[in-house]
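Engineer: Got a file for you: target.csv, CSV, C-alpha atoms and all ligand atoms.
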chain,number,residue,atom,x,y,z
A,1,MET,CA,-23.4,-22.2,0.6
A,2,GLN,CA,-20.6,-21.2,3.0
A,3,ASP,CA,-20.5,-17.6,4.1
A,4,LEU,CA,-17.5,-15.4,3.5
A,5,GLU,CA,-15.0,-15.6,6.4
A,6,GLN,CA,-15.4,-12.4,8.4
A,7,THR,CA,-12.1,-11.0,9.5
A,8,PHE,CA,-10.6,-8.0,11.3
A,9,ARG,CA,-7.2,-6.5,11.1
A,10,TRP,CA,-5.2,-6.5,14.3
A,11,PHE,CA,-1.8,-4.9,14.6
A,12,GLY,CA,-0.5,-7.2,17.3
A,13,PRO,CA,0.0,-7.0,21.1
A,14,ASN,CA,0.6,-3.2,20.9
A,15,ASP,CA,-2.8,-2.5,19.2
A,16,GLU,CA,-5.1,-0.6,21.5
A,17,VAL,CA,-7.9,-2.7,19.9
A,18,ALA,CA,-7.6,-6.0,21.8
A,19,LEU,CA,-8.4,-9.5,20.5
A,20,ALA,CA,-11.1,-9.7,23.2
A,21,ASP,CA,-12.8,-6.7,21.6
A,22,ILE,CA,-12.6,-8.2,18.1
A,23,VAL,CA,-14.3,-11.4,19.3
A,24,GLN,CA,-17.4,-9.2,20.0
A,25,THR,CA,-17.5,-7.8,16.5
A,26,GLY,CA,-18.6,-11.2,15.2
A,27,ALA,CA,-15.3,-11.6,13.2
A,28,THR,CA,-13.8,-15.1,13.5
A,29,GLY,CA,-10.6,-14.5,11.6
A,30,ILE,CA,-7.6,-12.2,12.3
A,31,VAL,CA,-5.6,-10.4,9.7
A,32,THR,CA,-2.2,-9.5,11.0
A,33,ALA,CA,1.5,-9.3,10.4
A,34,LEU,CA,4.7,-9.4,12.4
A,35,HIS,CA,5.0,-5.6,12.2
A,36,HIS,CA,8.0,-5.6,14.5
A,37,ILE,CA,10.2,-7.5,12.1
A,38,PRO,CA,11.9,-5.0,9.8
A,39,CYS,CA,11.1,-5.4,6.1
A,40,GLY,CA,13.7,-7.7,4.5
A,41,ASN,CA,14.3,-9.9,7.6
A,42,GLU,CA,13.1,-13.5,7.8
A,43,TRP,CA,9.9,-14.3,9.7
A,44,THR,CA,11.1,-17.2,11.9
A,45,GLU,CA,8.9,-20.1,12.9
A,46,ASP,CA,9.3,-19.2,16.5
A,47,GLU,CA,7.9,-15.7,16.0
A,48,ILE,CA,5.1,-17.0,13.8
A,49,ILE,CA,4.1,-19.6,16.3
A,50,GLU,CA,4.2,-17.2,19.2
A,51,ARG,CA,1.8,-14.8,17.4
A,52,LYS,CA,-0.5,-17.7,16.3
A,53,ASN,CA,-0.8,-18.9,19.8
A,54,ILE,CA,-1.8,-15.5,21.1
A,55,ILE,CA,-4.6,-15.3,18.5
A,56,GLU,CA,-5.8,-18.9,19.0
A,57,ASN,CA,-5.8,-18.4,22.8
A,58,ALA,CA,-8.3,-15.6,22.3
A,59,GLY,CA,-10.6,-18.0,20.4
A,60,LEU,CA,-9.8,-16.6,16.9
A,61,THR,CA,-7.9,-17.9,13.8
A,62,TRP,CA,-5.1,-16.2,12.1
A,63,SER,CA,-6.6,-16.3,8.6
A,64,VAL,CA,-4.6,-13.9,6.5
A,65,VAL,CA,-1.1,-12.5,6.7
A,66,GLU,CA,-1.2,-8.8,5.8
A,67,SER,CA,1.4,-7.9,4.7
A,68,VAL,CA,4.7,-9.6,4.2
A,69,ASN,CA,6.3,-6.4,2.8
A,70,ILE,CA,8.5,-6.3,-0.2
A,71,HIS,CA,12.0,-4.9,0.2
A,72,GLU,CA,12.6,-1.8,-1.8
A,73,SER,CA,15.6,-3.4,-3.7
A,74,ILE,CA,13.0,-5.8,-5.2
A,75,LYS,CA,10.8,-3.0,-6.4
A,76,ILE,CA,13.8,-1.0,-7.7
A,77,GLY,CA,15.4,-4.0,-9.2
A,78,GLU,CA,18.8,-3.6,-7.5
A,79,PRO,CA,21.4,-6.5,-7.4
A,80,GLU,CA,20.6,-7.4,-3.8
A,81,ARG,CA,17.0,-8.3,-4.7
A,82,ASP,CA,17.9,-12.0,-5.2
A,83,HIS,CA,19.1,-12.1,-1.6
A,84,TYR,CA,15.9,-10.5,-0.4
A,85,ILE,CA,13.7,-12.8,-2.6
A,86,GLU,CA,15.4,-15.8,-0.9
A,87,ILE,CA,14.5,-14.5,2.5
A,88,TYR,CA,11.0,-13.8,1.3
A,89,ILE,CA,10.6,-17.4,0.1
A,90,GLN,CA,11.9,-18.7,3.4
A,91,SER,CA,9.4,-16.6,5.3
A,92,LEU,CA,6.6,-18.0,3.1
A,93,LYS,CA,7.8,-21.6,3.8
A,94,ASN,CA,7.8,-20.9,7.6
A,95,LEU,CA,4.3,-19.5,7.4
A,96,ALA,CA,3.0,-22.4,5.4
A,97,LYS,CA,4.5,-24.9,7.8
A,98,ASN,CA,2.3,-23.3,10.5
A,99,GLY,CA,-0.9,-23.4,8.4
A,100,LEU,CA,-0.8,-19.8,7.2
A,101,LYS,CA,-1.7,-19.9,3.5
A,102,ILE,CA,-3.0,-16.5,2.5
A,103,VAL,CA,-0.5,-13.7,2.2
A,104,CYS,CA,-1.3,-10.2,1.2
A,105,TYR,CA,1.4,-7.8,-0.1
A,106,ASN,CA,1.6,-4.6,-2.1
A,107,PHE,CA,4.0,-3.2,-4.6
A,108,MET,CA,3.7,0.5,-3.9
A,109,PRO,CA,7.1,2.3,-4.0
A,110,VAL,CA,8.3,3.9,-0.7
A,111,LEU,CA,4.8,4.7,0.8
A,112,ASP,CA,1.9,2.5,1.6
A,113,TRP,CA,-1.6,4.1,1.4
A,114,THR,CA,-1.5,7.9,1.3
A,115,ARG,CA,-4.0,10.4,2.8
A,116,THR,CA,-3.8,14.1,3.5
A,117,HIS,CA,-6.3,14.2,6.5
A,118,LEU,CA,-6.8,11.7,9.2
A,119,ASP,CA,-9.6,13.5,11.0
A,120,TYR,CA,-12.0,14.7,8.3
A,121,ARG,CA,-15.4,15.4,10.0
A,122,LEU,CA,-18.5,14.2,8.3
A,123,GLU,CA,-22.0,15.8,8.8
A,124,ASN,CA,-22.7,13.5,11.8
A,125,ASN,CA,-19.3,14.4,13.3
A,126,ALA,CA,-17.8,11.0,12.6
A,127,SER,CA,-14.1,11.2,11.7
A,128,ALA,CA,-12.9,9.7,8.4
A,129,LEU,CA,-9.7,9.6,6.4
A,130,ARG,CA,-9.5,11.9,3.4
A,131,TYR,CA,-7.3,12.4,0.4
A,132,ASP,CA,-7.5,16.0,-0.8
A,133,ALA,CA,-6.0,16.5,-4.3
A,134,ILE,CA,-5.2,20.2,-3.6
A,135,ALA,CA,-3.5,19.5,-0.3
A,136,LEU,CA,-1.5,16.8,-1.9
A,137,ALA,CA,-0.5,19.1,-4.8
A,138,ALA,CA,0.4,21.8,-2.2
A,139,PHE,CA,2.8,19.3,-0.5
A,140,ASP,CA,4.2,18.1,-3.8
A,141,LEU,CA,4.8,21.7,-5.2
A,142,TYR,CA,5.8,23.8,-2.3
A,143,ILE,CA,7.0,21.5,0.5
A,144,LEU,CA,8.6,18.7,-1.3
A,145,GLU,CA,9.5,21.2,-4.1
A,146,ARG,CA,9.7,18.5,-6.7
A,147,PRO,CA,10.6,20.3,-9.9
A,148,GLU,CA,8.6,17.9,-12.2
A,149,ALA,CA,5.5,18.6,-10.1
A,150,PHE,CA,5.0,21.8,-12.0
A,151,ASN,CA,4.5,19.8,-15.2
A,152,VAL,CA,2.1,17.4,-13.5
A,153,HIS,CA,-0.3,19.8,-11.7
A,154,SER,CA,-2.3,22.2,-13.9
A,155,ALA,CA,-2.0,25.9,-13.5
A,156,GLU,CA,-5.4,26.0,-11.9
A,157,VAL,CA,-4.4,23.4,-9.3
A,158,GLN,CA,-1.1,25.2,-8.7
A,159,THR,CA,-3.0,28.4,-7.9
A,160,LYS,CA,-5.4,26.6,-5.6
A,161,ALA,CA,-2.6,24.7,-3.9
A,162,LYS,CA,-0.7,27.9,-3.2
A,163,ALA,CA,-3.8,29.6,-1.7
A,164,TYR,CA,-4.5,26.5,0.3
A,165,LEU,CA,-1.0,26.4,1.8
A,166,GLU,CA,-1.1,30.1,2.6
A,167,SER,CA,-4.3,29.6,4.5
A,168,LEU,CA,-2.9,26.9,6.8
A,169,PRO,CA,-1.4,27.7,10.2
A,170,ALA,CA,2.1,26.4,10.7
A,171,ASP,CA,1.2,23.5,12.9
A,172,GLU,CA,-1.3,22.3,10.3
A,173,VAL,CA,1.4,22.4,7.6
A,174,LYS,CA,3.4,20.1,9.8
A,175,THR,CA,0.4,17.8,10.3
A,176,LEU,CA,-0.2,17.7,6.6
A,177,THR,CA,3.5,16.8,5.9
A,178,ASP,CA,3.5,14.1,8.6
A,179,THR,CA,0.3,12.6,7.3
A,180,ILE,CA,1.5,12.3,3.8
A,181,MET,CA,4.9,11.0,4.9
A,182,ALA,CA,3.5,8.2,7.1
A,183,GLY,CA,5.3,5.0,6.6
A,184,LEU,CA,4.0,1.4,6.8
A,185,PRO,CA,0.6,0.7,8.5
A,186,GLY,CA,1.1,-0.6,12.0
A,187,THR,CA,4.2,1.5,12.6
A,188,ASP,CA,4.6,5.1,13.8
A,189,GLU,CA,7.3,5.7,11.3
A,190,VAL,CA,7.1,9.0,9.4
A,191,PHE,CA,9.7,10.0,6.8
A,192,THR,CA,11.2,13.4,6.9
A,193,VAL,CA,11.0,15.4,3.7
A,194,GLU,CA,14.7,14.9,3.3
A,195,GLU,CA,14.5,11.1,3.8
A,196,PHE,CA,11.7,10.9,1.3
A,197,LYS,CA,13.7,12.9,-1.3
A,198,GLN,CA,16.5,10.3,-0.9
A,199,HIS,CA,14.0,7.5,-1.6
A,200,LEU,CA,12.7,9.3,-4.6
A,201,LYS,CA,16.2,9.5,-6.0
A,202,ARG,CA,16.5,5.7,-5.9
A,203,TYR,CA,13.4,5.5,-8.1
A,204,ALA,CA,14.8,8.0,-10.7
A,205,ASN,CA,15.2,5.3,-13.3
A,206,VAL,CA,12.2,3.2,-12.4
A,207,ASP,CA,9.2,4.1,-14.4
A,208,ALA,CA,5.9,2.2,-14.5
A,209,LYS,CA,7.3,-0.2,-17.2
A,210,LYS,CA,10.4,-1.0,-15.2
A,211,LEU,CA,8.4,-1.4,-11.9
A,212,LYS,CA,6.1,-3.9,-13.7
A,213,GLU,CA,9.1,-5.8,-14.9
A,214,ASN,CA,10.4,-5.9,-11.4
A,215,LEU,CA,7.1,-7.2,-10.1
A,216,SER,CA,7.1,-9.9,-12.8
A,217,TYR,CA,10.6,-10.9,-11.8
A,218,PHE,CA,9.6,-11.2,-8.2
A,219,LEU,CA,6.5,-13.2,-9.0
A,220,ASN,CA,8.3,-15.6,-11.3
A,221,ALA,CA,10.9,-16.1,-8.6
A,222,ILE,CA,8.6,-16.8,-5.7
A,223,MET,CA,5.7,-18.6,-7.3
A,224,PRO,CA,7.2,-22.1,-7.7
A,225,ALA,CA,8.0,-22.1,-4.0
A,226,ALA,CA,4.6,-20.6,-3.0
A,227,GLU,CA,2.7,-23.2,-5.1
A,228,ALA,CA,4.8,-26.0,-3.6
A,229,VAL,CA,3.7,-25.1,-0.1
A,230,GLY,CA,0.2,-24.1,-0.9
A,231,ILE,CA,0.5,-20.3,-0.3
A,232,LYS,CA,-1.9,-18.0,-2.0
A,233,MET,CA,-0.3,-14.6,-2.6
A,234,CYS,CA,-2.7,-11.7,-3.1
A,235,ILE,CA,-1.5,-8.3,-4.2
A,236,HIS,CA,-3.2,-5.3,-2.7
A,237,PRO,CA,-4.0,-2.4,-5.1
A,238,ASP,CA,-2.3,1.0,-5.0
A,239,ASP,CA,-4.0,3.5,-2.7
A,240,PRO,CA,-4.7,5.9,-4.3
A,241,PRO,CA,-4.8,4.2,-7.6
A,242,PHE,CA,-2.8,6.7,-9.6
A,243,PRO,CA,0.8,8.0,-9.5
A,244,ILE,CA,1.6,10.5,-6.8
A,245,LEU,CA,4.7,12.5,-5.8
A,246,GLY,CA,6.6,11.2,-8.9
A,247,LEU,CA,6.3,7.6,-7.9
A,248,PRO,CA,5.0,5.1,-10.5
A,249,ARG,CA,1.9,3.0,-9.8
A,250,ILE,CA,1.2,-0.4,-11.4
A,251,VAL,CA,-1.6,-2.0,-9.5
A,252,SER,CA,-4.3,0.6,-10.1
A,253,THR,CA,-6.6,-0.6,-12.9
A,254,GLU,CA,-8.3,-3.7,-14.2
A,255,SER,CA,-5.7,-4.0,-17.0
A,256,ASP,CA,-2.9,-3.8,-14.4
A,257,LEU,CA,-4.6,-6.7,-12.5
A,258,LYS,CA,-4.9,-8.7,-15.6
A,259,ASP,CA,-1.3,-8.2,-16.5
A,260,ILE,CA,-0.3,-9.3,-13.0
A,261,VAL,CA,-2.3,-12.6,-13.0
A,262,ASN,CA,-0.8,-13.3,-16.4
A,263,PHE,CA,2.8,-12.8,-15.3
A,264,VAL,CA,2.6,-16.2,-13.7
A,265,LYS,CA,-0.3,-18.5,-14.3
A,266,SER,CA,-0.7,-20.1,-10.9
A,267,PRO,CA,-3.5,-20.4,-8.3
A,268,SER,CA,-0.9,-18.9,-5.9
A,269,ASN,CA,-0.7,-15.7,-7.9
A,270,GLY,CA,-3.8,-13.9,-6.8
A,271,LEU,CA,-5.4,-10.6,-5.9
A,272,THR,CA,-6.7,-8.7,-2.9
A,273,PHE,CA,-9.8,-7.0,-4.1
A,274,CYS,CA,-9.9,-3.7,-2.2
A,275,THR,CA,-12.9,-1.6,-3.2
A,276,GLY,CA,-11.7,1.4,-1.2
A,277,SER,CA,-8.4,1.6,-3.1
A,278,LEU,CA,-9.6,0.7,-6.6
A,279,GLY,CA,-12.8,2.8,-6.1
A,280,ALA,CA,-10.9,6.1,-5.9
A,281,ASN,CA,-10.5,5.9,-9.7
A,282,PRO,CA,-13.9,6.5,-11.4
A,283,ALA,CA,-12.8,4.5,-14.5
A,284,ASN,CA,-12.5,1.3,-12.4
A,285,ASP,CA,-15.7,-0.9,-12.8
A,286,LEU,CA,-15.6,-2.7,-9.5
A,287,PRO,CA,-18.5,-5.2,-9.9
A,288,GLY,CA,-17.1,-5.9,-13.4
A,289,ILE,CA,-13.6,-6.7,-12.0
A,290,VAL,CA,-15.1,-9.3,-9.7
A,291,GLU,CA,-17.0,-10.8,-12.6
A,292,ARG,CA,-14.0,-10.9,-14.8
A,293,LEU,CA,-11.1,-11.6,-12.5
A,294,GLY,CA,-13.0,-13.2,-9.5
A,295,GLU,CA,-11.3,-16.5,-9.8
A,296,HIS,CA,-8.0,-14.9,-8.8
A,297,ILE,CA,-9.4,-13.1,-5.7
A,298,HIS,CA,-8.2,-14.6,-2.4
A,299,PHE,CA,-9.0,-11.8,-0.1
A,300,LEU,CA,-11.7,-9.0,0.1
A,301,HIS,CA,-11.4,-5.5,1.5
A,302,LEU,CA,-14.8,-4.0,1.2
A,303,ARG,CA,-15.1,-0.3,2.0
A,304,ASN,CA,-16.4,2.7,0.2
A,305,VAL,CA,-15.1,6.0,-0.9
A,306,GLN,CA,-16.9,9.2,-1.8
A,307,ARG,CA,-15.2,10.7,-4.8
A,308,GLU,CA,-15.1,14.3,-5.8
A,309,ALA,CA,-14.7,15.9,-9.2
A,310,ASP,CA,-11.0,17.0,-8.7
A,311,GLY,CA,-9.7,13.6,-7.7
A,312,SER,CA,-10.2,14.1,-3.9
A,313,PHE,CA,-12.1,11.4,-1.9
A,314,HIS,CA,-12.9,10.5,1.6
A,315,GLU,CA,-13.7,7.1,3.2
A,316,ALA,CA,-17.5,6.9,3.2
A,317,GLU,CA,-20.0,4.6,5.0
A,318,HIS,CA,-19.4,1.0,3.8
A,319,LEU,CA,-22.7,0.8,1.9
A,320,SER,CA,-23.0,4.4,0.7
A,321,GLY,CA,-20.5,6.2,-1.4
A,322,SER,CA,-19.3,6.1,-5.0
A,323,THR,CA,-19.1,2.3,-5.2
A,324,ASP,CA,-22.3,0.2,-5.6
A,325,MET,CA,-21.5,-2.2,-2.8
A,326,PHE,CA,-24.7,-4.3,-3.5
A,327,ALA,CA,-23.5,-4.9,-7.1
A,328,VAL,CA,-20.0,-5.8,-5.8
A,329,MET,CA,-21.4,-8.2,-3.1
A,330,ARG,CA,-23.8,-9.8,-5.6
A,331,ASN,CA,-20.8,-10.6,-7.9
A,332,VAL,CA,-18.8,-11.9,-5.0
A,333,VAL,CA,-21.6,-14.3,-4.2
A,334,LEU,CA,-21.9,-15.3,-7.8
A,335,GLU,CA,-18.1,-16.0,-7.7
A,336,GLN,CA,-18.7,-18.2,-4.7
A,337,GLN,CA,-21.3,-20.1,-6.7
A,338,LYS,CA,-18.9,-20.6,-9.6
A,339,ARG,CA,-16.3,-22.0,-7.2
A,340,GLU,CA,-18.7,-24.4,-5.7
A,341,LYS,CA,-19.7,-25.7,-9.1
A,342,ALA,CA,-16.1,-26.1,-10.1
A,343,GLY,CA,-15.4,-28.1,-6.9
A,344,ARG,CA,-13.1,-25.4,-5.5
A,345,THR,CA,-12.7,-25.5,-1.7
A,346,ASP,CA,-11.9,-21.8,-1.2
A,347,ILE,CA,-15.5,-20.6,-1.0
A,348,ALA,CA,-15.3,-18.9,2.4
A,349,ILE,CA,-13.1,-16.0,1.0
A,350,PRO,CA,-11.8,-13.9,3.9
A,351,ILE,CA,-13.4,-10.5,3.9
A,352,ARG,CA,-12.6,-7.5,6.1
A,353,PRO,CA,-14.2,-4.1,6.4
A,354,ASP,CA,-10.8,-2.6,5.8
A,355,HIS,CA,-11.1,0.8,7.5
A,356,GLY,CA,-13.8,2.4,9.5
A,357,HIS,CA,-14.9,5.8,10.8
A,358,LYS,CA,-14.1,6.9,14.3
A,359,ILE,CA,-17.5,7.1,16.1
A,360,LEU,CA,-19.0,6.8,19.6
A,361,ASP,CA,-16.5,5.5,22.1
A,362,ASP,CA,-13.8,5.0,19.5
A,363,TRP,CA,-12.5,8.4,20.8
A,364,SER,CA,-11.4,6.7,24.0
A,365,ARG,CA,-8.7,4.8,22.1
A,366,ASN,CA,-5.6,5.8,20.2
A,367,ASN,CA,-6.1,3.4,17.4
A,368,TYR,CA,-4.1,3.3,14.2
A,369,PRO,CA,-5.6,5.7,11.6
A,370,GLY,CA,-8.6,4.0,10.0
A,371,TYR,CA,-8.6,1.1,12.4
A,372,SER,CA,-11.2,2.0,15.0
A,373,ILE,CA,-13.1,-0.8,16.7
A,374,ILE,CA,-16.7,0.5,16.6
A,375,GLY,CA,-16.5,2.1,13.2
A,376,ARG,CA,-15.1,-1.0,11.6
A,377,MET,CA,-17.6,-3.2,13.5
A,378,LYS,CA,-20.4,-1.1,12.0
A,379,GLY,CA,-18.9,-1.7,8.5
A,380,LEU,CA,-18.6,-5.4,9.1
A,381,ALA,CA,-22.1,-5.6,10.4
A,382,GLU,CA,-23.5,-3.9,7.3
A,383,LEU,CA,-21.5,-6.1,5.0
A,384,ARG,CA,-22.6,-9.2,6.8
A,385,GLY,CA,-26.2,-8.1,6.4
A,386,LEU,CA,-25.7,-7.3,2.7
A,387,GLU,CA,-24.2,-10.8,2.1
A,388,MET,CA,-27.2,-12.5,3.8
A,389,GLY,CA,-29.7,-10.4,1.9
A,390,VAL,CA,-28.0,-11.1,-1.4
A,391,LYS,CA,-27.8,-14.8,-0.6
A,392,ARG,CA,-31.4,-15.2,0.5
A,393,SER,CA,-32.7,-13.3,-2.5
A,394,LEU,CA,-30.8,-15.2,-5.2
B,1,LIG,C1,-5.7,0.1,2.4
B,1,LIG,C2,-5.2,-0.9,3.4
B,1,LIG,C3,-3.7,-1.0,3.3
B,1,LIG,C4,-3.2,-2.4,3.0
B,1,LIG,C5,-1.8,-2.6,2.7
B,1,LIG,C6,-1.6,-4.0,2.0
B,1,LIG,O1,-6.6,-0.1,1.7
B,1,LIG,O2,-5.9,-2.1,3.3
B,1,LIG,O3,-3.1,-0.7,4.6
B,1,LIG,O4,-3.5,-3.2,4.0
B,1,LIG,O5,-1.4,-1.7,1.7
B,1,LIG,O6,-0.2,-4.3,1.9
B,2,MN,MN,-7.4,-2.3,1.5
Step by step, read the file and then write its structure as C-alpha cells.
Ligand code: DNO
Ligand code: MN
Structural biologist:
Amino acid sequence: MQDLEQTFRWFGPNDEVALADIVQTGATGIVTALHHIPCGNEWTEDEIIERKNIIENAGLTWSVVESVNIHESIKIGEPERDHYIEIYIQSLKNLAKNGLKIVCYNFMPVLDWTRTHLDYRLENNASALRYDAIALAAFDLYILERPEAFNVHSAEVQTKAKAYLESLPADEVKTLTDTIMAGLPGTDEVFTVEEFKQHLKRYANVDAKKLKENLSYFLNAIMPAAEAVGIKMCIHPDDPPFPILGLPRIVSTESDLKDIVNFVKSPSNGLTFCTGSLGANPANDLPGIVERLGEHIHFLHLRNVQREADGSFHEAEHLSGSTDMFAVMRNVVLEQQKREKAGRTDIAIPIRPDHGHKILDDWSRNNYPGYSIIGRMKGLAELRGLEMGVKRSL
C-alpha cells in the first residue's frame, strides 16, 4: 500500500527554515500559502506559478495550500461577503489550473490558533507552546476587561487569574498580551487590545448558530466551483477547540465536523484532521473520529498535547501525551485500506507533524512559533516509524 505523503510547512522565501533544510527531513511535500497576499485579495496565477517554481526547483512538490484564509465579512455574514466569495472562487480556480488541489482553511473568528506561552520549558529544557487557562482568563478579565468574562470564568478562576497577573512583571504582561493577540500564522501581525475590541464588536450579533449558518452559506457557494476544478477543501479545527474571549467556535467537536460535511455532500467538502487542536478537548475521541469520518479527511496534522485538569495544555512529544497516537495511526492506515478497496486514488493522504519543540540547534534560528526545523523533523521521524510499524504488523 502507498505510504502517507510526508509534508512540512514552509512559510515562503522569508522563512528561516529553508527548502534545502526541509529536503533533509525526508519530507517530499511542501505545505505553504502566499502569506504576503492580504486576506480577501485574489491569488493570481503569476504569483502561484512563481511560488510553485521555487518549491519544485528545490526538488519538492507543493502538495497542500494552507491556508487560503477566509475574509471576516464571510464569517460575520456581511453584505460584502458575496464579493469576497467570488474572489475566493477565482483563487481556487487559479490554484487548480496549476495543479494545486488540496486547500486547507479555518473558520475561526478574528484569531487563528491561540497560545499564552511560546517558550514553555519541558523537563529536558526543550521549548514548547502552551495554553494556560488561568493566564488566558487573566487576559480576558483584567487586560481585555470584557464585562461578560466575569460570567464565564468561575469565582475560583477569577481569584487565581488575579493572583497570577499580580505576580507577573510588567514586561511579561506585555509578552502575554502580544502572545494572545498574535494574528495569522506566517505573519508578525499582532493586534492591539483596542483593535481586538473593535473586531469583537463586529461579532456582537454572531453566535455559534449564526457562524455555522455563515459557514454553510460559504460552503454552498464555493463547492460547485471547487468540485468542477477538482479542489478538495479541508477545514482545520479550532485551536483551542472551545470558545475563547467571547468568540464563538464551531469546528471543535465530532458533531461539528459531522454537521460541516453534511452542509454540502461533496468529495470537495472535507476535513483537516488535526490531533493537536481536537485533542485539547478530552471529550473528543480522536481514533473514533478517524474511524467514523475518515472518508472526508484530505489532510493530516498529527501532533500531541498534554492536557491538564483546568483546561490548560502544552504541545507534547508527538507520540506521548494525552492522545493515543498509535490508535490514531492505526485507524488512518485502516482508512487507507478502505480507500484502496473502494478504488479511491487518494491513498497517500498528506501528513505533517504540524508543530514541533525547539531543541538542539533550533535555537540558532528565529523560526515562526512552533515551526522549528529539528523539533518538527523529530516529530515527522517518529510518525513515519509509527506508520511503518502499524503497516508491517497489520
Ligand atoms: C494549528 C496549525 C494552524 C493551522 C491553521 C489552518 O494546529 O496547524 O496554524 O495551520 O489554523 O488554517
Ligand atoms: Mn493543525
Engineer: Can you tell me which residues come within 8 Å of ligand LIG 1 (chain B) when counting all atoms listed in the file, ideally as an NGL selection string?
Structural biologist: :A and (66-69 or 104-108 or 112-113 or 184-185 or 235-239 or 274 or 276-277 or 301 or 354-355)
Engineer: Residues at most 12 Å from Ile359 in chain A, counting all atoms listed in the file, excluding those fewer than 4 positions away in the same chain, as a VMD selection string?
Structural biologist: chain A and resid 119 121 to 122 124 to 128 317 363 to 365 370 to 379
Engineer: Okay, now the selection with C-alpha atoms, as a PDB file, in the frame of the given file?
Structural biologist:
ATOM      1  CA  ASP A 119      -9.600  13.500  11.000  1.00  0.00           C
ATOM      2  CA  ARG A 121     -15.400  15.400  10.000  1.00  0.00           C
ATOM      3  CA  LEU A 122     -18.500  14.200   8.300  1.00  0.00           C
ATOM      4  CA  ASN A 124     -22.700  13.500  11.800  1.00  0.00           C
ATOM      5  CA  ASN A 125     -19.300  14.400  13.300  1.00  0.00           C
ATOM      6  CA  ALA A 126     -17.800  11.000  12.600  1.00  0.00           C
ATOM      7  CA  SER A 127     -14.100  11.200  11.700  1.00  0.00           C
ATOM      8  CA  ALA A 128     -12.900   9.700   8.400  1.00  0.00           C
ATOM      9  CA  GLU A 317     -20.000   4.600   5.000  1.00  0.00           C
ATOM     10  CA  TRP A 363     -12.500   8.400  20.800  1.00  0.00           C
ATOM     11  CA  SER A 364     -11.400   6.700  24.000  1.00  0.00           C
ATOM     12  CA  ARG A 365      -8.700   4.800  22.100  1.00  0.00           C
ATOM     13  CA  GLY A 370      -8.600   4.000  10.000  1.00  0.00           C
ATOM     14  CA  TYR A 371      -8.600   1.100  12.400  1.00  0.00           C
ATOM     15  CA  SER A 372     -11.200   2.000  15.000  1.00  0.00           C
ATOM     16  CA  ILE A 373     -13.100  -0.800  16.700  1.00  0.00           C
ATOM     17  CA  ILE A 374     -16.700   0.500  16.600  1.00  0.00           C
ATOM     18  CA  GLY A 375     -16.500   2.100  13.200  1.00  0.00           C
ATOM     19  CA  ARG A 376     -15.100  -1.000  11.600  1.00  0.00           C
ATOM     20  CA  MET A 377     -17.600  -3.200  13.500  1.00  0.00           C
ATOM     21  CA  LYS A 378     -20.400  -1.100  12.000  1.00  0.00           C
ATOM     22  CA  GLY A 379     -18.900  -1.700   8.500  1.00  0.00           C
TER      23      GLY A 379
END
Engineer: Measuring atom to atom with all atoms listed in the file, identify which of A:Lys75, A:Arg9, A:Arg392, A:His83 is nearest to Asn214 in chain A.
Structural biologist: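 Closest to Asn214 in chain A, using all atoms listed in the file: A:Lys75.
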Engineer: Counting only C-alpha atoms, figure out which residue out of A:His298, A:Arg115, A:Leu168, A:Glu335 gets nearest to Ser63 in chain A.
Structural biologist: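 Of all the options, A:His298 lies closest to Ser63 in chain A.
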Engineer: Which of these residues is nearest to Val229 in chain A, using all atoms listed in the file: A:Thr28, A:Gln2, A:Thr175, A:Asn98?
Structural biologist: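 Checking each of A:Thr28, A:Gln2, A:Thr175, A:Asn98 against Val229 in chain A, counting all atoms listed in the file, the winner is A:Asn98.
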Engineer: What is the distance between CA of Asn281 in chain A and CA of His199 in chain A, in Å to one decimal?
Structural biologist: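 Separation of CA of Asn281 in chain A and CA of His199 in chain A: 25.9 Å.
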Engineer: What's the separation between CA of Ile74 in chain A and CA of Val264 in chain A, in Å to one decimal place?
Structural biologist: 17.0 Å
Engineer: Check the smallest atom-to-atom distance from each of A:Ile143, A:Leu19, A:Ala96, A:Leu300 to ligand MN 2 (chain B) using all atoms listed in the file, then report the winner.
Structural biologist: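 Looking at the shortest contact to ligand MN 2 (chain B), the residue is A:Leu300.
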Engineer: Using all atoms listed in the file, which of A:Glu42, A:Glu78, A:Glu194, A:Asp324 sits nearest Lys93 in chain A?
Structural biologist: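 Smallest distance to Lys93 in chain A is found for A:Glu42.
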Engineer: Quick one: everything within 8 Å of range 156-163 of chain A, counting all atoms listed in the file, minus sequence neighbours fewer than 5 positions away in the same chain. Send it as a short mmCIF file (atom, residue, chain, number, x, y, z; two decimals) with C-alpha atoms, keeping the file's coordinate frame.
Structural biologist:
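Everything below was put into result_13.cif:
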data_model
loop_
_atom_site.label_atom_id
_atom_site.label_comp_id
_atom_site.auth_asym_id
_atom_site.auth_seq_id
_atom_site.Cartn_x
_atom_site.Cartn_y
_atom_site.Cartn_z
CA ILE A 134 -5.20 20.20 -3.60
CA ALA A 135 -3.50 19.50 -0.30
CA ALA A 137 -0.50 19.10 -4.80
CA ALA A 138 0.40 21.80 -2.20
CA LEU A 141 4.80 21.70 -5.20
CA TYR A 142 5.80 23.80 -2.30
CA PHE A 150 5.00 21.80 -12.00
#
Engineer: Find the residues near Ala327 in chain A: any atom within 12 Å, counting all atoms listed in the file, skip ones fewer than 5 places away on the same chain, and give them as a PyMOL selection string.
Structural biologist: chain A and resi 275+285-291+319+322+332-334+386-387+390
Engineer: Take the residues that were just selected and, keeping C-alpha atoms, output them as a short mmCIF file (atom, residue, chain, number, x, y, z; two decimals), in the coordinates of the input.
Structural biologist:
data_model
loop_
_atom_site.label_atom_id
_atom_site.label_comp_id
_atom_site.auth_asym_id
_atom_site.auth_seq_id
_atom_site.Cartn_x
_atom_site.Cartn_y
_atom_site.Cartn_z
CA THR A 275 -12.90 -1.60 -3.20
CA ASP A 285 -15.70 -0.90 -12.80
CA LEU A 286 -15.60 -2.70 -9.50
CA PRO A 287 -18.50 -5.20 -9.90
CA GLY A 288 -17.10 -5.90 -13.40
CA ILE A 289 -13.60 -6.70 -12.00
CA VAL A 290 -15.10 -9.30 -9.70
CA GLU A 291 -17.00 -10.80 -12.60
CA LEU A 319 -22.70 0.80 1.90
CA SER A 322 -19.30 6.10 -5.00
CA VAL A 332 -18.80 -11.90 -5.00
CA VAL A 333 -21.60 -14.30 -4.20
CA LEU A 334 -21.90 -15.30 -7.80
CA LEU A 386 -25.70 -7.30 2.70
CA GLU A 387 -24.20 -10.80 2.10
CA VAL A 390 -28.00 -11.10 -1.40
#
